[in-house]
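Reviewing the structure listed below.
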Amino acid sequence: MAKTWNSGEPSHEWPAGRPKLPQERRDNSSERPQKTPRTTSKELQASLASIKVSVHDSTIRKRLGKNGLHGRFPRRKPLLSKKNIKTRLNFAKKHLNDCQDFWENTLWTDETKVALFGRCVSRYIWRKSNTAFQKKNIIPTVKYGGGSVMVWGCFAASGPGRLAVIDGTMNSTVYQKILKENVRPSVRQLKLKRSWVLQQDNDPKHTSKSTSEWLKKNKMKTLEGLL
């Protein structure tokens with residue numbers, strides 16, 4: 001106070017809170033997660049400790065946030081080989097100039113497995129301490145996953161079409177039966193134009209000789225070139 005009174009200048013005040021990282025260290029702490037996103041704040045903390053820089057992992061997370069890096073669950077996507085990537089790129093180039101009407105009259109189809117009990121994904125919940133086993137805070141499980149069922153489904157720009165349960169093992173004969181019973185009814189239900197096309201992936205059952213002949217016989221034009 002005496003210094004302030006005599007000089008007329010404000011006295012120095014120590015900043016509140018934990019000391020900030022030096023600028024150079026702050027920059028370096030943000031570079032690694034950008035190159036390797038799976039790096040954790042604890043790993044960064046250990047890395048900084050190895051060069052005698054002590055910093056709390058919460059400080060590291062705040063610094064990453066200020067640099068636009070936020071913790072998120074990674075998105076899942078199919079693993080694509082170079083051949084897959086090339087095929088998809090060629091497909092995109094081939095259909096780059098197709099009009100909207102073409103896509104609106106495409107019937108997209110696929111098969112998938114549906115779990116009969118529960119979801120095979122991680123979920124977050126908000127709960128208070130000591131309430132972990134309250135009914136609202138748990139996800140019930142059954143032995144062996146509760147089973148699953150394979151289904152075939154389709155959709156177009158105008159909405160979903162039919163859904164068919166696949167009984168037993170899927171082969172070309174079963175696949176053709178599903179197409180026979182579900183494709184044209186879905187086309188009528190979705191009010192597709194006569195120029196509609198059928199999309200299917202390159203599963204061997206879809207591209208077998210017997211299926212190809214069946215599609216030709218039943219005058220079903222397919223969208224070629226997509227995996």
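How things are named: the first chain in the structure tokens is A, the next is B, and so on; residues count from 1 in each chain; ligands count from 1 in the order shown.
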Please produce, as a Markdown table, a per-residue contact table for region 26-127 of chain A versus region 211-226 of chain A (criterion: any atom at most 9 Å away, only C-alpha atoms considered), showing the nearest atom pair and its distance in Å to one decimal, sorted by chain then residue number.
| residue | atom | partner | partner_atom | distance |
| --- | --- | --- | --- | --- |
| A:Thr87 | CA | A:Gly225 | CA | 7.0 |
| A:Arg88 | CA | A:Leu226 | CA | 6.3 |
| A:Asn90 | CA | A:Gly225 | CA | 7.9 |
| A:Phe91 | CA | A:Gly225 | CA | 5.6 |
| A:Ala92 | CA | A:Leu226 | CA | 8.9 |
| A:Lys94 | CA | A:Gly225 | CA | 8.9 |
| A:Thr106 | CA | A:Leu223 | CA | 8.1 |
Hey, can you spit out that residue selection with C-alpha atoms as a PDB file, in the first residue's frame?
ATOM      1  CA  THR A  87     -15.111 -48.149 -56.449  1.00  0.00           C
ATOM      2  CA  ARG A  88     -17.141 -45.633 -54.443  1.00  0.00           C
ATOM      3  CA  ASN A  90     -16.039 -44.057 -59.519  1.00  0.00           C
ATOM      4  CA  PHE A  91     -19.702 -44.544 -58.582  1.00  0.00           C
ATOM      5  CA  ALA A  92     -19.946 -40.954 -57.351  1.00  0.00           C
ATOM      6  CA  LYS A  94     -20.587 -41.732 -62.744  1.00  0.00           C
ATOM      7  CA  THR A 106     -34.344 -45.460 -56.518  1.00  0.00           C
TER       8      THR A 106
END
For this session: Find the spatial neighbours of Thr169 (chain A), counting only C-alpha atoms, within a cut-off of 12 Å - ignore same-chain residues fewer than 3 positions away - and output them as number ranges by chain.
Result: A: 149-151, 165-166, 172-175, 205
Restricted to N, CA and C atoms, what would the selected residues look like written as an mmCIF file, in the first residue's frame?
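Writing done, so here's again_19.cif:
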data_model
loop_
_atom_site.group_PDB
_atom_site.id
_atom_site.type_symbol
_atom_site.label_atom_id
_atom_site.label_comp_id
_atom_site.auth_asym_id
_atom_site.auth_seq_id
_atom_site.Cartn_x
_atom_site.Cartn_y
_atom_site.Cartn_z
ATOM 1 N N VAL A 149 -32.325 -61.292 -34.887
ATOM 2 C CA VAL A 149 -33.044 -61.735 -36.074
ATOM 3 C C VAL A 149 -32.526 -60.950 -37.272
ATOM 4 N N MET A 150 -32.425 -61.623 -38.414
ATOM 5 C CA MET A 150 -32.003 -60.965 -39.648
ATOM 6 C C MET A 150 -33.240 -60.490 -40.401
ATOM 7 N N VAL A 151 -33.179 -59.267 -40.901
ATOM 8 C CA VAL A 151 -34.297 -58.724 -41.666
ATOM 9 C C VAL A 151 -33.804 -58.096 -42.964
ATOM 10 N N VAL A 165 -38.723 -60.543 -42.472
ATOM 11 C CA VAL A 165 -37.866 -61.339 -41.591
ATOM 12 C C VAL A 165 -37.269 -62.479 -42.398
ATOM 13 N N ILE A 166 -35.972 -62.704 -42.235
ATOM 14 C CA ILE A 166 -35.275 -63.763 -42.962
ATOM 15 C C ILE A 166 -35.247 -65.007 -42.090
ATOM 16 N N SER A 172 -29.407 -67.540 -52.367
ATOM 17 C CA SER A 172 -29.970 -66.885 -53.552
ATOM 18 C C SER A 172 -31.463 -67.142 -53.687
ATOM 19 N N THR A 173 -31.886 -68.375 -53.397
ATOM 20 C CA THR A 173 -33.303 -68.726 -53.523
ATOM 21 C C THR A 173 -34.157 -67.940 -52.529
ATOM 22 N N VAL A 174 -33.693 -67.871 -51.276
ATOM 23 C CA VAL A 174 -34.417 -67.109 -50.246
ATOM 24 C C VAL A 174 -34.456 -65.628 -50.617
ATOM 25 N N TYR A 175 -33.341 -65.122 -51.127
ATOM 26 C CA TYR A 175 -33.261 -63.711 -51.509
ATOM 27 C C TYR A 175 -34.246 -63.391 -52.631
ATOM 28 N N LYS A 205 -24.997 -63.452 -52.894
ATOM 29 C CA LYS A 205 -26.381 -63.890 -53.112
ATOM 30 C C LYS A 205 -27.123 -62.934 -54.036
#
Exercise. Can you list, as number ranges by chain, every protein, DNA or RNA residue that comes within 10 Å of Lys191 (chain A) when you count only C-alpha atoms, leaving out same-chain residues fewer than 6 positions away?
Worked result: A: 105, 156, 158, 185
Shell of 10 Å around Arg61 (chain A), only C-alpha atoms, local chain residues under 3 positions omitted, as a PDB file with C-alpha atoms, in the first residue's frame:
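Resulting contents of part-v5.pdb:
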ATOM      1  CA  SER A  29       0.222 -29.793 -25.571  1.00  0.00           C
ATOM      2  CA  SER A  30      -2.328 -29.122 -28.334  1.00  0.00           C
ATOM      3  CA  THR A  40      -5.796 -38.859 -23.289  1.00  0.00           C
ATOM      4  CA  SER A  41      -5.290 -35.876 -20.995  1.00  0.00           C
ATOM      5  CA  LYS A  42      -3.538 -38.214 -18.528  1.00  0.00           C
ATOM      6  CA  LEU A  44      -0.409 -35.578 -22.042  1.00  0.00           C
ATOM      7  CA  HIS A  56      -3.256 -30.851 -13.732  1.00  0.00           C
ATOM      8  CA  ASP A  57      -5.087 -32.884 -16.387  1.00  0.00           C
ATOM      9  CA  SER A  58      -8.140 -30.598 -16.023  1.00  0.00           C
ATOM     10  CA  LEU A  64      -7.529 -28.245 -25.552  1.00  0.00           C
ATOM     11  CA  GLY A  65     -11.061 -26.834 -25.402  1.00  0.00           C
ATOM     12  CA  LYS A  66      -9.788 -23.306 -25.999  1.00  0.00           C
ATOM     13  CA  ASN A  67      -7.981 -24.641 -29.065  1.00  0.00           C
ATOM     14  CA  LEU A  69     -10.503 -29.762 -29.362  1.00  0.00           C
ATOM     15  CA  HIS A  70     -13.307 -31.455 -27.396  1.00  0.00           C
ATOM     16  CA  GLY A  71     -13.743 -35.001 -26.111  1.00  0.00           C
TER      17      GLY A  71
END
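Computed from the coordinates, the CA of Glu43 (chain A) to CA of Val55 (chain A) distance equals 11.9 Å.
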Exercise. What residues in chain A get the DSSP label alpha helix (DSSP H)? Please answer as a VMD selection string.
Worked result: chain A and resid 2 to 7 23 to 35 41 to 49 57 to 66 82 to 94 100 to 104 172 to 189 204 to 207 209 to 217
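Atom to atom, CA of Glu181 (chain A) and CA of Lys209 (chain A) stand 20.1 Å apart.
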For this session: Could you tell me how far CA of Arg75 (chain A) lies from CA of Thr112 (chain A), in Å and to one decimal?
Result: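 CA of Arg75 (chain A) sits 19.1 Å away from CA of Thr112 (chain A).
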Exercise. Would you give me, as a VMD selection string, the residues in region 135-220 of chain A that DSSP reads as strand (DSSP E)?
Worked result: chain A and resid 148 to 156 159 to 165 197 to 199
Exercise. Using only C-alpha atoms, which of the listed residues (A:Val53, A:Leu48, A:Cys154, A:Val142) sits closest to Leu179 (chain A)?
Worked result: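 Using only C-alpha atoms, Leu179 (chain A) sits closest to A:Cys154.
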